[in-house]
Structure formats: C-alpha cells, structure tokens
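See structure below.
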Amino acid sequence: MTSHPVTAPPPRAPLAADVVIRPLAEDDWDAIVALEAAAYTEDGLSEGRAALTSRHAHGTCFVIEHEGRVGGYLLALPYPAFTSPDLSSAEAAPASAASRNLHAHDLVIAEHLRGRGLGPHLLTHLLTTARELGFRSISMVAVRGAHVVWAPLGYRPHPEVELPSSYGANAVYMSMEVG
C-alpha cells in the first residue's frame with residue numbers, strides 16, 4: 001500500500017446499552033436480505049440473497065442486535081487488495097483465507113437506528129477483529145458519496161482502482177492499513 005499505517009479513531013460515544021454487536025448467525029439472513037434490499041434497491045445496487053450469502057466469512061461478519069432483532073450488519077471477507085466483488089454475481093468460490101486484506105463488502109444500518117454512530121462502531125469492531133486475525137489491510141467500496149463518512153476513520157480513496165460497473169458511477173475504492 002502507498003499510505004502510511006493509520007489507526008481508526010475510537011467511536012465518539014460508547015455503544016448504547018440496548019445495542020449489541022455479535023457474529024452473524026445463520027438465522028439472521030432473512031433480516032439481512034431485507035435490510036440490504038431496503039437500502040440499495042432504489043439505486044440499483046441490491047445484490048440479492050445468493051450474492052450476499054456467498055460473501056459470508058466466519059469470524060468477520062457481524063450484526064447489530066437491537067431489542068432482540070437485527071438492526072444492521074457488516075459483511076467482510078478476505079479478498080485480494082485493490083479488487084472488489086462484483087455486485088451482479090455471487091462469489092464462485094469461498095473467500096480466500098490466504099488474502100491478508102479484509103474487504104468490508106457491505107454495511108447497512110436500519111433506518112430507525114441511523115444517526116447513532118453504529119456504522120463507525122461496526123468498522124472499529126472490524127478493525128479490532130482484523131488485527132486479532134492478522135490482516136494487514138481493510139478495504140471497501142464507498143457508494144453514494146459515503147467516502148466522506150469513511151475518510152475520517154482512516155480509509156483513504158484509491159481513484160486509480162477500476163471497479164465493476166455494478167457499483168455505479170460514483171463508487172470509490174478505499175483502504176486502510178491495519179497497523
């Protein structure tokens with residue numbers, strides 16, 4: 001990577017007592033698919049269940065639980081740096097455990113929970129997990145102008161990275177070193 005190691009700042013406020021971040025469980029998929037469709041269908045970015053489940057990697061995918069229900073999620077999988085999954089198709093093979101880059105593929109917070117800093121909490125949780133598992137970097141593709149949200153957390157844009165057209169015209173590949 002061309003940037004210097006960056007450590008994401010801690011979230012601005014502690015996680016609320018009514019919210020828990022936990023590993024994704026098999027029975028969470030219906031809620032995840034519904035959240036993903038609500039967040040992305042209007043923009044033509046929805047992947048559908050088969051593609052979403054193909055991006056599941058044990059130990060690096062999490063949900064936000066609020067009042068006993070899934071209120072958000074983060075799907076992350078080992079993936080070669082400076083590349084990204086194509087939204088229009090499922091992964092042909094399981095994520096490569098050999099990759100030292102962890103790709104934060106999708107993060108969605110339910111509309112009624114937005115504005116509470118839960119996205120940064122999930123990414124900070126992912127950063128801690130990445131360090132524990134020995135990843136060297138975390139990448140993501142910011143869509144719909146979200147790069148301005150992730151940059152203060154240490155993610156740097158890489159406009160030179162060519163993305164699949166399924167992400168739309170304004171998508172930006174971003175990454176940070178785990179350090």
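Residues in the structure tokens are numbered from 1 in each chain, the chains being A, B, ... in the order shown, and ligands are numbered from 1 in the order shown.
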Determine, counting only C-alpha atoms, which protein, DNA and RNA residues have an atom within 9 Å of an atom of A:Arg156; residues of the same chain fewer than 6 positions away are not included. Present the result as an NGL selection string.
:A and (3 or 147 or 150 or 173-176)
I need the chosen residues saved as a PDB file, in the first residue's frame, with C-alpha atoms.
ATOM      1  CA  SER A   3      -0.228   5.145   2.538  1.00  0.00           C
ATOM      2  CA  HIS A 147     -16.421   8.114   1.121  1.00  0.00           C
ATOM      3  CA  TRP A 150     -15.241   6.691   5.975  1.00  0.00           C
ATOM      4  CA  TYR A 173     -12.407   2.079  -3.610  1.00  0.00           C
ATOM      5  CA  MET A 174     -10.913   2.870  -0.185  1.00  0.00           C
ATOM      6  CA  SER A 175      -8.471   1.124   2.125  1.00  0.00           C
ATOM      7  CA  MET A 176      -6.528   1.483   5.316  1.00  0.00           C
TER       8      MET A 176
END
Mind listing the helix (DSSP H, G or I) residues of chain A, per DSSP on the backbone, as a VMD selection string?
chain A and resid 26 to 43 49 to 54 111 to 113 118 to 133 147 to 153 165 to 167
With C-alpha atoms retained, export the selected residues as a compact mmCIF listing (two decimals), in the first residue's frame.
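Written file, result-v8.txt:
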# COMPACT_ATOMS: atom_id res chain seq x y z
CA GLU A 26 -27.38 -18.44 10.02
CA ASP A 27 -30.88 -17.39 11.09
CA ASP A 28 -30.00 -13.69 10.53
CA TRP A 29 -30.12 -13.93 6.73
CA ASP A 30 -33.80 -13.04 6.24
CA ALA A 31 -33.30 -9.80 8.17
CA ILE A 32 -30.02 -9.04 6.37
CA VAL A 33 -31.57 -9.57 2.93
CA ALA A 34 -34.49 -7.30 3.87
CA LEU A 35 -32.18 -4.54 5.19
CA GLU A 36 -29.97 -4.77 2.10
CA ALA A 37 -32.93 -4.58 -0.28
CA ALA A 38 -34.38 -1.58 1.56
CA ALA A 39 -31.03 0.22 1.46
CA TYR A 40 -29.98 -0.45 -2.14
CA THR A 41 -32.85 -1.50 -4.44
CA GLU A 42 -33.87 2.06 -5.36
CA ASP A 43 -30.30 2.79 -6.56
CA ARG A 49 -29.65 -13.33 -1.19
CA ALA A 50 -27.35 -15.63 -3.22
CA ALA A 51 -24.70 -12.94 -3.70
CA LEU A 52 -24.92 -11.77 -0.09
CA THR A 53 -24.58 -15.24 1.41
CA SER A 54 -21.65 -16.00 -0.91
CA GLU A 111 -33.26 3.42 9.16
CA HIS A 112 -34.65 3.75 12.71
CA LEU A 113 -31.13 3.24 14.16
CA LEU A 118 -23.37 2.47 14.72
CA GLY A 119 -21.58 2.31 11.34
CA PRO A 120 -18.30 3.60 12.82
CA HIS A 121 -18.78 1.24 15.78
CA LEU A 122 -19.06 -1.71 13.38
CA LEU A 123 -15.95 -0.63 11.48
CA THR A 124 -13.98 -0.16 14.70
CA HIS A 125 -15.10 -3.66 15.73
CA LEU A 126 -13.93 -4.92 12.33
CA LEU A 127 -10.56 -3.19 12.76
CA THR A 128 -10.05 -4.90 16.13
CA THR A 129 -11.03 -8.25 14.57
CA ALA A 130 -8.68 -7.68 11.61
CA ARG A 131 -5.77 -7.02 13.98
CA GLU A 132 -6.57 -10.13 16.02
CA LEU A 133 -6.72 -12.28 12.88
CA HIS A 147 -16.42 8.11 1.12
CA VAL A 148 -16.81 11.33 3.14
CA VAL A 149 -18.07 9.24 6.08
CA TRP A 150 -15.24 6.69 5.98
CA ALA A 151 -12.28 9.03 5.34
CA PRO A 152 -12.27 10.41 8.94
CA LEU A 153 -12.00 6.82 10.17
CA SER A 165 -19.75 -1.26 -13.25
CA SER A 166 -22.29 -2.79 -10.85
CA TYR A 167 -21.20 -0.25 -8.18
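Across the structure, atom CA of A:Pro85 and atom CA of A:Met140 are spaced 10.1 Å apart.
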Considering only C-alpha atoms, state which residue in the set A:Val141, A:Leu24, A:Leu74, A:Leu107 is at the smallest distance from A:Ala169.
A:Val141
Polymer residues at most 8 Å from A:Tyr73, only C-alpha atoms, same-chain spacing of 4 or more positions, as JSON, numbers by chain
{"A": [24, 32, 61, 62, 63, 64, 106, 107, 108, 109]}
Could you write those residues out with C-alpha atoms, as a short mmCIF file (atom, residue, chain, number, x, y, z; two decimals), in the first residue's frame?
data_model
loop_
_atom_site.label_atom_id
_atom_site.label_comp_id
_atom_site.auth_asym_id
_atom_site.auth_seq_id
_atom_site.Cartn_x
_atom_site.Cartn_y
_atom_site.Cartn_z
CA LEU A 24 -23.63 -13.17 12.13
CA ILE A 32 -30.02 -9.04 6.37
CA CYS A 61 -19.25 -10.79 9.56
CA PHE A 62 -21.32 -9.14 12.27
CA VAL A 63 -24.82 -7.94 13.06
CA ILE A 64 -26.11 -5.20 15.29
CA ASP A 106 -21.42 -4.24 2.88
CA LEU A 107 -22.58 -2.27 5.89
CA VAL A 108 -26.21 -1.37 6.46
CA ILE A 109 -27.91 0.16 9.50
#
Any idea what's packed within 10 Å of A:Ser139, counting only C-alpha atoms, ignoring anything in its chain fewer than 5 positions away? Could you give it as JSON, numbers by chain?
{"A": [76, 77, 78, 79, 80, 81, 82, 83, 84, 101, 102, 103, 104, 105, 155, 156, 157, 173, 174, 175, 176, 177]}
